[in-house]
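Remarks on the structure that follows.
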Amino acid sequence: MSKEKILVIGASGQIGVELTLELRRLYGGAKVIASDLREENDLIKGTGPYVSLDVMNKEMLHVQVIRQGITQIYLLAAILSATGEKNPMLAWNLNMQSLLNVLDIAKEEKLTKVFWPSSIAVFGPTSPKQNCPQQTVIEPVTVYGISKYAGEFWCNYYNHRYGVDVRSMRYPGLISYKSSPGGGTTDYAVEIFYNALGEKKYKCFLKEDTYLPMMYMPDAIRAAIELMQADAEKISIRTSYNVSAISFSPNEIAQEIKKHIPGFVITYAPDYRQAIADSWPQSIDDSVANNDWKWEPKYNLEKMTIDMLNNLDKV
Ligand code: NAD
Ligand code: AKB
């Protein structure tokens, strides 16, 4: 039986709900403490312990880590790209301070591992658009991207300087049906399914030919667990790994949905999020993750679309 006791911070968010459920399945409900600033998500209620926690309050966080005997932290609290541009200082403060609080406590309490997701938002207009490599020109233009890139170097620093086993990956846009996305530029790819099943029409805030890297949530959760379970000597990247799965445009996902909902209509009204999307790569080279810990996605656009529609139809 595993001695690990896991704290998930941001457990009521888009990733947090599904990650908490999967960690509880693997480690047992009582071994995974869910925490968030907002109320407990209905889907995780009754599956294990929940504590209300503000990650910005380092002392409170430290007390919880000691009191609960925490050995691993999954830090998911953040402000994403679109919301970040509306309040840059708030995004910078939360995204940086939450990570520094967790890394410092991990160092002091000698936690076994920390998981902190970065994003494809670290890349900017000067990075290669196609198959963007692990190591390349990185000049982010959003506050979210800047905070993620700085965070990657803090992870690297705490690993090299203090031996903290912090692991990270640059998630693409995530698509899921259990918990709603929280203010990203890629959120259209979730909204489109709700609107297709409801009103059968969707007004997209990105242009029809805006290709972006995306991933279905089951792949994203599996990627996090596989990275965290990999042998430490296999981890050659201590900033953050590129991971990829699918790349598509609003037009392409709309055509895929139309195969199942023929009357579905998409229109386009690009807003401020178009500039954010235009600054990111269209596809990602994840060969280093594949080489180091055998990362491989399982869902393509077709398979994901069928699964999303089937599951949302039941909701
Ligand atoms: P989300 O916004 O859905 O969830 C974040 C959660 O953190 C929310 O439930 C929020 O209440 C909580 N939170 C905010 N401030 C907090 C605080 N002070 N204390 C405690 N909890 C707080 O975000 P998500 O989509 O689940 O993203 C999780 C992580 O993954 C973030 O670091 C994000 O940058 C990264 N990521 C997400 C995506 C994606 O498409 N969802 C892509 C790339 C990277
Ligand atoms: C966003 O759009 O901000 C996120 C991300 C790619 O990090 N989904």
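Every chain in the structure tokens takes a letter, A first, then B, and so on in the order presented; its residues are numbered from 1, and the ligands are numbered from 1 following the presented order.
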
Handout entry: Test item: residues at most 6 Å from segment 25-36 of chain A, only C-alpha atoms, excluding those fewer than 5 positions along its chain, as a list in words
Key =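 Returned residues: Lys5, Ile6, Leu7, Val8, Ile9, Gly10, Ala11, Thr47, Gly48, Pro49, Tyr50, Val51, Ser52 and Leu53 of chain A.
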
Those same residues, written as a short mmCIF file (atom, residue, chain, number, x, y, z; two decimals), in the first residue's frame with N, CA and C atoms?
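The resulting file, result-v7.cif, is reproduced below:
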```cif
data_model
loop_
_atom_site.label_atom_id
_atom_site.label_comp_id
_atom_site.auth_asym_id
_atom_site.auth_seq_id
_atom_site.Cartn_x
_atom_site.Cartn_y
_atom_site.Cartn_z
N LYS A 5 0.43 10.64 0.53
CA LYS A 5 -0.80 11.37 0.86
C LYS A 5 -0.75 12.64 0.00
N ILE A 6 -1.77 12.79 -0.82
CA ILE A 6 -1.71 13.78 -1.89
C ILE A 6 -2.64 14.96 -1.63
N LEU A 7 -2.14 16.17 -1.87
CA LEU A 7 -2.98 17.37 -1.80
C LEU A 7 -3.16 17.91 -3.21
N VAL A 8 -4.43 18.05 -3.64
CA VAL A 8 -4.72 18.67 -4.94
C VAL A 8 -5.21 20.09 -4.67
N ILE A 9 -4.49 21.08 -5.17
CA ILE A 9 -4.88 22.49 -4.96
C ILE A 9 -5.50 23.00 -6.25
N GLY A 10 -6.76 23.46 -6.14
CA GLY A 10 -7.50 23.84 -7.36
C GLY A 10 -8.34 22.66 -7.84
N ALA A 11 -8.81 21.85 -6.87
CA ALA A 11 -9.49 20.58 -7.20
C ALA A 11 -10.88 20.77 -7.80
N THR A 47 -16.38 11.61 -2.39
CA THR A 47 -15.37 10.64 -2.87
C THR A 47 -14.09 10.70 -2.04
N GLY A 48 -14.01 11.66 -1.09
CA GLY A 48 -12.81 11.79 -0.26
C GLY A 48 -12.82 13.13 0.46
N PRO A 49 -11.78 13.41 1.26
CA PRO A 49 -11.77 14.63 2.06
C PRO A 49 -11.60 15.90 1.22
N TYR A 50 -12.20 16.99 1.72
CA TYR A 50 -12.09 18.29 1.04
C TYR A 50 -11.76 19.36 2.08
N VAL A 51 -10.80 20.23 1.77
CA VAL A 51 -10.54 21.38 2.65
C VAL A 51 -10.60 22.67 1.82
N SER A 52 -11.17 23.70 2.44
CA SER A 52 -11.20 25.02 1.80
C SER A 52 -9.84 25.66 2.04
N LEU A 53 -9.17 26.10 0.98
CA LEU A 53 -7.78 26.55 1.15
C LEU A 53 -7.44 27.63 0.13
#
```

Problem - Contacts with ligand 1 at most 8 Å, only C-alpha atoms and all ligand atoms counted, listed as number ranges by chain - result: A: 9-17, 35-39, 52-57, 75-81, 94-95, 98, 116-121, 144, 148, 170-175, 179-184, 186-187, 214

For those residues, write C-alpha atoms to a file as a compact mmCIF listing (two decimals), in the first residue's frame.
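Dumped to part.txt:
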```txt
# COMPACT_ATOMS: atom_id res chain seq x y z
CA ILE A 9 -4.88 22.49 -4.96
CA GLY A 10 -7.50 23.84 -7.36
CA ALA A 11 -9.49 20.58 -7.20
CA SER A 12 -12.78 22.19 -8.28
CA GLY A 13 -11.39 23.38 -11.62
CA GLN A 14 -11.45 21.88 -15.11
CA ILE A 15 -8.45 19.59 -14.54
CA GLY A 16 -8.80 19.34 -10.76
CA VAL A 17 -12.10 17.46 -10.72
CA SER A 35 -8.77 21.68 -1.87
CA ASP A 36 -9.90 24.89 -3.53
CA LEU A 37 -10.80 28.49 -2.82
CA ARG A 38 -14.27 27.92 -4.24
CA GLU A 39 -16.82 25.38 -3.10
CA SER A 52 -11.20 25.02 1.80
CA LEU A 53 -7.78 26.55 1.15
CA ASP A 54 -6.26 29.73 -0.29
CA VAL A 55 -2.90 28.78 -1.81
CA MET A 56 -1.79 32.41 -1.43
CA ASN A 57 -1.84 31.99 2.35
CA LEU A 75 -0.89 22.53 -7.88
CA LEU A 76 -3.64 23.51 -10.32
CA ALA A 77 -4.71 26.96 -9.06
CA ALA A 78 -4.03 29.59 -11.72
CA ILE A 79 -5.57 32.34 -13.83
CA LEU A 80 -5.60 31.32 -17.49
CA SER A 81 -4.78 33.26 -20.65
CA LEU A 94 -1.55 34.17 -8.23
CA ASN A 95 0.37 32.19 -10.83
CA SER A 98 1.11 29.95 -5.55
CA TRP A 116 2.64 21.87 -11.68
CA PRO A 117 1.27 22.28 -15.20
CA SER A 118 2.75 24.81 -17.59
CA SER A 119 1.14 25.60 -20.95
CA ILE A 120 1.77 25.99 -24.67
CA ALA A 121 1.16 29.67 -23.78
CA TYR A 144 -0.25 34.01 -18.46
CA LYS A 148 4.22 30.02 -16.92
CA ARG A 170 3.12 22.26 -21.17
CA TYR A 171 -0.50 21.31 -21.65
CA PRO A 172 -2.25 22.34 -24.86
CA GLY A 173 -5.93 23.43 -24.73
CA LEU A 174 -7.91 20.81 -22.80
CA ILE A 175 -11.34 19.54 -23.83
CA SER A 179 -15.99 20.32 -15.29
CA SER A 180 -16.15 23.61 -17.21
CA PRO A 181 -13.01 25.40 -18.43
CA GLY A 182 -11.92 28.48 -16.51
CA GLY A 183 -11.10 31.44 -18.77
CA GLY A 184 -8.74 30.20 -21.47
CA THR A 186 -8.99 27.38 -26.11
CA ASP A 187 -12.33 27.26 -24.22
CA MET A 214 -5.47 20.55 -28.08
```

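Distance check against ligand 2 using only C-alpha atoms and all ligand atoms: of A:Phe123, A:Tyr268, A:Tyr158, A:Phe193, the minimum falls on A:Phe123.
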
Can you tell me, as a tab-separated table (two decimals) with all heavy atoms, in the first residue's frame, what residues are no more than 9 Å from segment 303-311 of chain A when counting only C-alpha atoms, ignoring any on the same chain fewer than 2 positions away?
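Okay, this is what ended up in part_33.tsv:
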```
chain	number	residue	atom	x	y	z
A	175	ILE	N	-9.92	19.68	-23.51
A	175	ILE	CA	-11.34	19.54	-23.83
A	175	ILE	C	-11.93	18.48	-22.91
A	175	ILE	O	-11.38	17.38	-22.79
A	175	ILE	CB	-11.48	19.15	-25.31
A	175	ILE	CG1	-10.95	20.32	-26.15
A	175	ILE	CG2	-12.94	18.85	-25.68
A	175	ILE	CD1	-10.42	19.93	-27.46
A	176	SER	N	-13.04	18.85	-22.24
A	176	SER	CA	-13.62	17.94	-21.25
A	176	SER	C	-15.10	18.21	-21.09
A	176	SER	O	-15.58	19.28	-21.47
A	176	SER	CB	-12.93	18.12	-19.90
A	176	SER	OG	-13.18	19.42	-19.40
A	177	TYR	N	-15.81	17.22	-20.51
A	177	TYR	CA	-17.25	17.40	-20.29
A	177	TYR	C	-17.64	17.37	-18.81
A	177	TYR	O	-18.75	17.68	-18.46
A	177	TYR	CB	-18.05	16.33	-21.05
A	177	TYR	CG	-17.71	14.92	-20.63
A	177	TYR	CD1	-18.34	14.30	-19.56
A	177	TYR	CD2	-16.71	14.20	-21.31
A	177	TYR	CE1	-18.01	13.02	-19.17
A	177	TYR	CE2	-16.37	12.92	-20.92
A	177	TYR	CZ	-17.03	12.33	-19.85
A	177	TYR	OH	-16.68	11.07	-19.46
A	178	LYS	N	-16.70	17.02	-17.90
A	178	LYS	CA	-17.10	16.90	-16.50
A	178	LYS	C	-17.12	18.24	-15.79
A	178	LYS	O	-18.06	18.57	-15.09
A	178	LYS	CB	-16.17	15.93	-15.76
A	178	LYS	CG	-16.42	14.48	-16.16
A	178	LYS	CD	-15.73	13.49	-15.28
A	178	LYS	CE	-15.98	12.08	-15.80
A	178	LYS	NZ	-15.00	11.11	-15.36
A	190	VAL	N	-14.64	23.62	-26.07
A	190	VAL	CA	-15.56	22.96	-25.15
A	190	VAL	C	-16.97	23.54	-25.35
A	190	VAL	O	-17.94	22.80	-25.53
A	190	VAL	CB	-15.12	23.14	-23.67
A	190	VAL	CG1	-16.12	22.48	-22.72
A	190	VAL	CG2	-13.72	22.56	-23.46
A	193	PHE	N	-19.37	22.21	-28.13
A	193	PHE	CA	-20.14	20.97	-27.94
A	193	PHE	C	-21.46	21.25	-27.23
A	193	PHE	O	-22.50	20.71	-27.62
A	193	PHE	CB	-19.31	19.96	-27.13
A	193	PHE	CG	-18.23	19.31	-27.93
A	193	PHE	CD1	-16.91	19.73	-27.85
A	193	PHE	CD2	-18.54	18.25	-28.79
A	193	PHE	CE1	-15.92	19.12	-28.60
A	193	PHE	CE2	-17.54	17.65	-29.56
A	193	PHE	CZ	-16.23	18.08	-29.46
A	194	TYR	N	-21.42	22.07	-26.18
A	194	TYR	CA	-22.66	22.41	-25.45
A	194	TYR	C	-23.65	23.08	-26.38
A	194	TYR	O	-24.84	22.78	-26.38
A	194	TYR	CB	-22.34	23.33	-24.26
A	194	TYR	CG	-21.70	22.60	-23.10
A	194	TYR	CD1	-20.32	22.44	-23.02
A	194	TYR	CD2	-22.48	22.05	-22.08
A	194	TYR	CE1	-19.72	21.76	-21.97
A	194	TYR	CE2	-21.90	21.37	-21.02
A	194	TYR	CZ	-20.52	21.23	-20.96
A	194	TYR	OH	-19.95	20.55	-19.91
A	197	LEU	N	-25.16	20.70	-29.11
A	197	LEU	CA	-26.21	19.81	-28.59
A	197	LEU	C	-27.45	20.60	-28.16
A	197	LEU	O	-28.56	20.09	-28.21
A	197	LEU	CB	-25.68	19.01	-27.39
A	197	LEU	CG	-24.78	17.84	-27.75
A	197	LEU	CD1	-24.00	17.36	-26.55
A	197	LEU	CD2	-25.60	16.69	-28.35
A	215	MET	N	-5.96	18.78	-26.49
A	215	MET	CA	-5.88	17.42	-25.95
A	215	MET	C	-7.17	17.09	-25.22
A	215	MET	O	-7.76	17.97	-24.57
A	215	MET	CB	-4.69	17.35	-24.96
A	215	MET	CG	-4.40	15.95	-24.43
A	215	MET	SD	-3.02	15.97	-23.25
A	215	MET	CE	-1.61	16.10	-24.32
A	216	TYR	N	-7.61	15.85	-25.33
A	216	TYR	CA	-8.82	15.42	-24.62
A	216	TYR	C	-8.43	15.10	-23.17
A	216	TYR	O	-7.36	14.55	-22.91
A	216	TYR	CB	-9.41	14.20	-25.32
A	216	TYR	CG	-10.83	13.89	-24.92
A	216	TYR	CD1	-11.74	14.89	-24.58
A	216	TYR	CD2	-11.30	12.57	-24.89
A	216	TYR	CE1	-13.05	14.60	-24.23
A	216	TYR	CE2	-12.60	12.26	-24.55
A	216	TYR	CZ	-13.47	13.28	-24.21
A	216	TYR	OH	-14.76	12.99	-23.86
A	253	ILE	N	-13.28	21.33	-36.31
A	253	ILE	CA	-14.06	20.67	-35.25
A	253	ILE	C	-15.56	20.81	-35.56
A	253	ILE	O	-16.35	19.89	-35.31
A	253	ILE	CB	-13.68	21.17	-33.83
A	253	ILE	CG1	-14.31	20.26	-32.78
A	253	ILE	CG2	-14.04	22.61	-33.58
A	253	ILE	CD1	-13.84	20.51	-31.36
A	256	GLU	N	-16.48	18.13	-37.94
A	256	GLU	CA	-16.52	16.83	-37.26
A	256	GLU	C	-17.84	16.69	-36.48
A	256	GLU	O	-18.47	15.63	-36.50
A	256	GLU	CB	-15.32	16.73	-36.30
A	256	GLU	CG	-14.96	15.35	-35.87
A	256	GLU	CD	-14.61	14.39	-37.00
A	256	GLU	OE1	-13.91	14.80	-37.95
A	256	GLU	OE2	-15.07	13.23	-36.92
A	257	ILE	N	-18.25	17.77	-35.83
A	257	ILE	CA	-19.52	17.74	-35.06
A	257	ILE	C	-20.70	17.57	-36.03
A	257	ILE	O	-21.65	16.83	-35.74
A	257	ILE	CB	-19.65	19.02	-34.20
A	257	ILE	CG1	-18.61	19.00	-33.07
A	257	ILE	CG2	-21.06	19.16	-33.62
A	257	ILE	CD1	-18.50	20.28	-32.25
A	260	HIS	N	-22.29	14.31	-36.85
A	260	HIS	CA	-23.23	13.72	-35.89
A	260	HIS	C	-24.47	14.58	-35.70
A	260	HIS	O	-25.52	14.08	-35.34
A	260	HIS	CB	-22.53	13.53	-34.54
A	260	HIS	CG	-21.23	12.78	-34.67
A	260	HIS	ND1	-21.17	11.41	-34.70
A	260	HIS	CD2	-19.95	13.21	-34.85
A	260	HIS	CE1	-19.91	11.03	-34.86
A	260	HIS	NE2	-19.15	12.11	-34.94
A	298	LYS	N	-4.02	9.09	-26.92
A	298	LYS	CA	-4.89	8.02	-27.45
A	298	LYS	C	-6.05	8.58	-28.25
A	298	LYS	O	-6.66	7.86	-29.04
A	298	LYS	CB	-5.44	7.19	-26.29
A	298	LYS	CG	-4.37	6.34	-25.64
A	298	LYS	CD	-4.94	5.26	-24.74
A	298	LYS	CE	-3.84	4.33	-24.24
A	298	LYS	NZ	-4.11	3.77	-22.93
A	299	TYR	N	-6.41	9.84	-28.03
A	299	TYR	CA	-7.60	10.40	-28.69
A	299	TYR	C	-7.23	11.30	-29.86
A	299	TYR	O	-6.43	12.23	-29.71
A	299	TYR	CB	-8.43	11.21	-27.69
A	299	TYR	CG	-9.23	10.34	-26.75
A	299	TYR	CD1	-8.65	9.85	-25.59
A	299	TYR	CD2	-10.54	9.99	-27.04
A	299	TYR	CE1	-9.37	9.03	-24.72
A	299	TYR	CE2	-11.27	9.17	-26.18
A	299	TYR	CZ	-10.67	8.70	-25.03
A	299	TYR	OH	-11.38	7.89	-24.18
A	300	ASN	N	-7.84	11.05	-31.03
A	300	ASN	CA	-7.76	12.00	-32.16
A	300	ASN	C	-9.07	12.80	-32.19
A	300	ASN	O	-9.95	12.61	-31.34
A	300	ASN	CB	-7.47	11.27	-33.47
A	300	ASN	CG	-8.56	10.25	-33.80
A	300	ASN	OD1	-9.67	10.31	-33.25
A	300	ASN	ND2	-8.25	9.32	-34.68
A	301	LEU	N	-9.21	13.67	-33.18
A	301	LEU	CA	-10.39	14.55	-33.24
A	301	LEU	C	-11.68	13.74	-33.35
A	301	LEU	O	-12.68	14.02	-32.67
A	301	LEU	CB	-10.24	15.51	-34.43
A	301	LEU	CG	-11.40	16.48	-34.67
A	301	LEU	CD1	-11.67	17.35	-33.46
A	301	LEU	CD2	-11.11	17.36	-35.90
A	313	ASP	N	-24.54	14.25	-24.03
A	313	ASP	CA	-25.93	13.89	-24.32
A	313	ASP	C	-26.59	13.27	-23.09
A	313	ASP	O	-27.79	13.40	-22.89
A	313	ASP	CB	-25.96	12.89	-25.49
A	313	ASP	CG	-27.09	13.22	-26.44
A	313	ASP	OD1	-27.68	14.31	-26.28
A	313	ASP	OD2	-27.38	12.39	-27.32
A	314	LYS	N	-25.75	12.60	-22.27
A	314	LYS	CA	-26.27	11.93	-21.07
A	314	LYS	C	-26.47	12.90	-19.91
A	314	LYS	O	-27.16	12.60	-18.96
A	314	LYS	CB	-25.27	10.85	-20.60
A	314	LYS	CG	-25.20	9.64	-21.49
A	314	LYS	CD	-24.25	8.63	-20.83
A	314	LYS	CE	-23.56	7.79	-21.89
A	314	LYS	NZ	-22.15	7.57	-21.63
A	315	VAL	N	-25.80	14.07	-19.97
A	315	VAL	CA	-25.78	14.98	-18.81
A	315	VAL	C	-27.16	15.60	-18.60
A	315	VAL	O	-27.84	15.95	-19.54
A	315	VAL	CB	-24.73	16.10	-19.02
A	315	VAL	CG1	-24.78	17.10	-17.86
A	315	VAL	CG2	-23.35	15.51	-19.14
```

Handout entry: Residues of segment 47-165 of chain A in strand (DSSP E), written as an MDAnalysis selection string
Key = chainID A and resid 50:52 72:75 113:115 118:119

Output all heavy atoms for every residue in the selection just made, as an mmCIF file, in the first residue's frame.
```
data_model
loop_
_atom_site.group_PDB
_atom_site.id
_atom_site.type_symbol
_atom_site.label_atom_id
_atom_site.label_comp_id
_atom_site.auth_asym_id
_atom_site.auth_seq_id
_atom_site.Cartn_x
_atom_site.Cartn_y
_atom_site.Cartn_z
ATOM 1 N N TYR A 50 -12.204 16.992 1.719
ATOM 2 C CA TYR A 50 -12.095 18.289 1.041
ATOM 3 C C TYR A 50 -11.762 19.361 2.077
ATOM 4 O O TYR A 50 -12.351 19.389 3.153
ATOM 5 C CB TYR A 50 -13.424 18.649 0.360
ATOM 6 C CG TYR A 50 -13.393 20.018 -0.276
ATOM 7 C CD1 TYR A 50 -12.852 20.195 -1.543
ATOM 8 C CD2 TYR A 50 -13.863 21.139 0.409
ATOM 9 C CE1 TYR A 50 -12.783 21.457 -2.115
ATOM 10 C CE2 TYR A 50 -13.801 22.396 -0.156
ATOM 11 C CZ TYR A 50 -13.261 22.547 -1.421
ATOM 12 O OH TYR A 50 -13.191 23.793 -1.985
ATOM 13 N N VAL A 51 -10.799 20.233 1.775
ATOM 14 C CA VAL A 51 -10.540 21.380 2.645
ATOM 15 C C VAL A 51 -10.600 22.666 1.821
ATOM 16 O O VAL A 51 -10.154 22.699 0.675
ATOM 17 C CB VAL A 51 -9.168 21.319 3.377
ATOM 18 C CG1 VAL A 51 -9.135 20.211 4.405
ATOM 19 C CG2 VAL A 51 -8.008 21.172 2.420
ATOM 20 N N SER A 52 -11.172 23.704 2.438
ATOM 21 C CA SER A 52 -11.203 25.015 1.801
ATOM 22 C C SER A 52 -9.837 25.660 2.042
ATOM 23 O O SER A 52 -9.395 25.740 3.196
ATOM 24 C CB SER A 52 -12.326 25.829 2.449
ATOM 25 O OG SER A 52 -12.361 27.074 1.862
ATOM 26 N N GLN A 72 2.753 14.628 -1.360
ATOM 27 C CA GLN A 72 2.797 15.111 -2.762
ATOM 28 C C GLN A 72 1.763 16.211 -2.948
ATOM 29 O O GLN A 72 0.674 16.134 -2.371
ATOM 30 C CB GLN A 72 2.407 14.001 -3.742
ATOM 31 C CG GLN A 72 3.379 12.864 -3.812
ATOM 32 C CD GLN A 72 3.044 11.919 -4.982
ATOM 33 O OE1 GLN A 72 2.207 12.203 -5.829
ATOM 34 N NE2 GLN A 72 3.731 10.791 -5.019
ATOM 35 N N ILE A 73 2.106 17.200 -3.777
ATOM 36 C CA ILE A 73 1.127 18.255 -4.106
ATOM 37 C C ILE A 73 0.952 18.335 -5.619
ATOM 38 O O ILE A 73 1.937 18.320 -6.373
ATOM 39 C CB ILE A 73 1.573 19.635 -3.568
ATOM 40 C CG1 ILE A 73 1.581 19.636 -2.037
ATOM 41 C CG2 ILE A 73 0.642 20.746 -4.091
ATOM 42 C CD1 ILE A 73 1.993 20.960 -1.394
ATOM 43 N N TYR A 74 -0.307 18.409 -6.058
ATOM 44 C CA TYR A 74 -0.639 18.744 -7.442
ATOM 45 C C TYR A 74 -1.208 20.159 -7.391
ATOM 46 O O TYR A 74 -2.289 20.373 -6.848
ATOM 47 C CB TYR A 74 -1.697 17.787 -8.023
ATOM 48 C CG TYR A 74 -1.171 16.411 -8.339
ATOM 49 C CD1 TYR A 74 -0.803 15.525 -7.326
ATOM 50 C CD2 TYR A 74 -1.052 15.980 -9.659
ATOM 51 C CE1 TYR A 74 -0.319 14.256 -7.628
ATOM 52 C CE2 TYR A 74 -0.575 14.711 -9.962
ATOM 53 C CZ TYR A 74 -0.216 13.854 -8.950
ATOM 54 O OH TYR A 74 0.258 12.596 -9.254
ATOM 55 N N LEU A 75 -0.463 21.129 -7.946
ATOM 56 C CA LEU A 75 -0.885 22.533 -7.878
ATOM 57 C C LEU A 75 -1.572 22.933 -9.189
ATOM 58 O O LEU A 75 -0.913 23.030 -10.232
ATOM 59 C CB LEU A 75 0.336 23.432 -7.623
ATOM 60 C CG LEU A 75 0.071 24.939 -7.758
ATOM 61 C CD1 LEU A 75 -1.015 25.421 -6.786
ATOM 62 C CD2 LEU A 75 1.358 25.727 -7.546
ATOM 63 N N LYS A 113 7.084 14.535 -4.184
ATOM 64 C CA LYS A 113 6.912 15.044 -5.548
ATOM 65 C C LYS A 113 5.918 16.203 -5.589
ATOM 66 O O LYS A 113 4.994 16.261 -4.758
ATOM 67 C CB LYS A 113 6.372 13.951 -6.470
ATOM 68 C CG LYS A 113 7.413 13.000 -6.994
ATOM 69 C CD LYS A 113 6.760 11.891 -7.785
ATOM 70 C CE LYS A 113 7.613 10.635 -7.731
ATOM 71 N NZ LYS A 113 6.899 9.449 -8.147
ATOM 72 N N VAL A 114 6.105 17.053 -6.596
ATOM 73 C CA VAL A 114 5.145 18.147 -6.869
ATOM 74 C C VAL A 114 4.812 18.104 -8.365
ATOM 75 O O VAL A 114 5.711 17.893 -9.200
ATOM 76 C CB VAL A 114 5.757 19.530 -6.526
ATOM 77 C CG1 VAL A 114 4.832 20.661 -6.966
ATOM 78 C CG2 VAL A 114 6.058 19.643 -5.031
ATOM 79 N N PHE A 115 3.522 18.299 -8.696
ATOM 80 C CA PHE A 115 3.110 18.437 -10.100
ATOM 81 C C PHE A 115 2.581 19.852 -10.307
ATOM 82 O O PHE A 115 1.728 20.320 -9.541
ATOM 83 C CB PHE A 115 2.004 17.426 -10.448
ATOM 84 C CG PHE A 115 1.481 17.574 -11.857
ATOM 85 C CD1 PHE A 115 2.210 17.087 -12.935
ATOM 86 C CD2 PHE A 115 0.260 18.193 -12.102
ATOM 87 C CE1 PHE A 115 1.729 17.221 -14.237
ATOM 88 C CE2 PHE A 115 -0.229 18.326 -13.400
ATOM 89 C CZ PHE A 115 0.501 17.846 -14.468
ATOM 90 N N SER A 118 2.498 23.624 -16.796
ATOM 91 C CA SER A 118 2.748 24.813 -17.588
ATOM 92 C C SER A 118 1.807 24.744 -18.791
ATOM 93 O O SER A 118 0.798 24.028 -18.750
ATOM 94 C CB SER A 118 4.213 24.868 -18.001
ATOM 95 O OG SER A 118 4.470 26.054 -18.741
ATOM 96 N N SER A 119 2.084 25.490 -19.837
ATOM 97 C CA SER A 119 1.139 25.601 -20.953
ATOM 98 C C SER A 119 1.889 25.902 -22.248
ATOM 99 O O SER A 119 2.985 26.486 -22.227
ATOM 100 C CB SER A 119 0.161 26.737 -20.644
ATOM 101 O OG SER A 119 -0.513 27.168 -21.801
#
```

Handout entry: helix (DSSP H, G or I) call set, DSSP backbone run, segment 44-99 of chain A, as number ranges by chain
Key = A: 58-67, 81-86, 88-99

Any chance you can output those residues with N, CA and C atoms as a CSV table (one decimal), in the first residue's frame?
```csv
chain,number,residue,atom,x,y,z
A,58,LYS,N,0.4,31.2,2.7
A,58,LYS,CA,1.5,30.2,2.8
A,58,LYS,C,1.4,29.5,4.2
A,59,GLU,N,1.1,30.3,5.2
A,59,GLU,CA,1.1,29.7,6.5
A,59,GLU,C,0.0,28.6,6.7
A,60,MET,N,-1.2,29.0,6.2
A,60,MET,CA,-2.3,28.1,6.2
A,60,MET,C,-2.0,26.8,5.4
A,61,LEU,N,-1.4,27.0,4.3
A,61,LEU,CA,-1.0,25.9,3.4
A,61,LEU,C,0.0,25.0,4.1
A,62,HIS,N,0.9,25.6,4.7
A,62,HIS,CA,2.0,24.9,5.4
A,62,HIS,C,1.4,24.0,6.6
A,63,VAL,N,0.5,24.7,7.3
A,63,VAL,CA,-0.2,24.0,8.4
A,63,VAL,C,-1.0,22.7,7.9
A,64,GLN,N,-1.7,22.9,6.8
A,64,GLN,CA,-2.4,21.8,6.2
A,64,GLN,C,-1.5,20.7,5.8
A,65,VAL,N,-0.4,21.0,5.2
A,65,VAL,CA,0.6,20.0,4.7
A,65,VAL,C,1.1,19.2,5.9
A,66,ILE,N,1.4,19.9,7.0
A,66,ILE,CA,1.9,19.2,8.2
A,66,ILE,C,0.8,18.4,8.8
A,67,ARG,N,-0.3,19.0,9.0
A,67,ARG,CA,-1.5,18.4,9.8
A,67,ARG,C,-2.0,17.1,9.0
A,81,SER,N,-5.2,32.2,-19.7
A,81,SER,CA,-4.8,33.3,-20.7
A,81,SER,C,-5.8,34.4,-20.9
A,82,ALA,N,-7.0,34.1,-21.1
A,82,ALA,CA,-8.0,35.1,-21.5
A,82,ALA,C,-8.3,36.0,-20.3
A,83,THR,N,-8.6,35.3,-19.1
A,83,THR,CA,-8.9,36.1,-17.9
A,83,THR,C,-7.6,36.9,-17.5
A,84,GLY,N,-6.5,36.3,-17.7
A,84,GLY,CA,-5.2,37.0,-17.3
A,84,GLY,C,-5.0,38.3,-18.0
A,85,GLU,N,-5.4,38.4,-19.2
A,85,GLU,CA,-5.3,39.6,-20.0
A,85,GLU,C,-6.2,40.7,-19.4
A,86,LYS,N,-7.3,40.3,-18.7
A,86,LYS,CA,-8.2,41.3,-18.2
A,86,LYS,C,-7.6,41.9,-16.9
A,88,PRO,N,-3.9,41.6,-15.5
A,88,PRO,CA,-2.5,41.0,-15.6
A,88,PRO,C,-1.8,40.9,-14.2
A,89,MET,N,-2.0,41.9,-13.3
A,89,MET,CA,-1.3,41.8,-12.0
A,89,MET,C,-1.8,40.7,-11.2
A,90,LEU,N,-3.2,40.5,-11.2
A,90,LEU,CA,-3.8,39.4,-10.4
A,90,LEU,C,-3.3,38.1,-10.9
A,91,ALA,N,-3.2,37.9,-12.3
A,91,ALA,CA,-2.7,36.7,-12.8
A,91,ALA,C,-1.3,36.4,-12.5
A,92,TRP,N,-0.5,37.4,-12.6
A,92,TRP,CA,1.0,37.3,-12.2
A,92,TRP,C,1.1,36.9,-10.8
A,93,ASN,N,0.4,37.6,-9.9
A,93,ASN,CA,0.5,37.3,-8.4
A,93,ASN,C,0.1,35.9,-8.1
A,94,LEU,N,-1.1,35.5,-8.6
A,94,LEU,CA,-1.6,34.2,-8.2
A,94,LEU,C,-0.6,33.1,-8.9
A,95,ASN,N,-0.4,33.3,-10.1
A,95,ASN,CA,0.4,32.2,-10.8
A,95,ASN,C,1.8,32.0,-10.3
A,96,MET,N,2.4,33.1,-9.9
A,96,MET,CA,3.8,33.0,-9.4
A,96,MET,C,3.8,32.7,-7.9
A,97,GLN,N,3.0,33.4,-7.1
A,97,GLN,CA,3.1,33.2,-5.6
A,97,GLN,C,2.6,31.8,-5.2
A,98,SER,N,1.6,31.3,-5.9
A,98,SER,CA,1.1,30.0,-5.6
A,98,SER,C,2.2,28.9,-5.8
A,99,LEU,N,2.9,29.1,-6.9
A,99,LEU,CA,4.0,28.1,-7.2
A,99,LEU,C,5.2,28.3,-6.2
```

Handout entry: Which of A:Glu302, A:Asp278, A:Glu208, A:Glu233 sits closest to ligand 2 [using only C-alpha atoms and all ligand atoms]
Key =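 Smallest distance to ligand 2 is found for A:Asp278.
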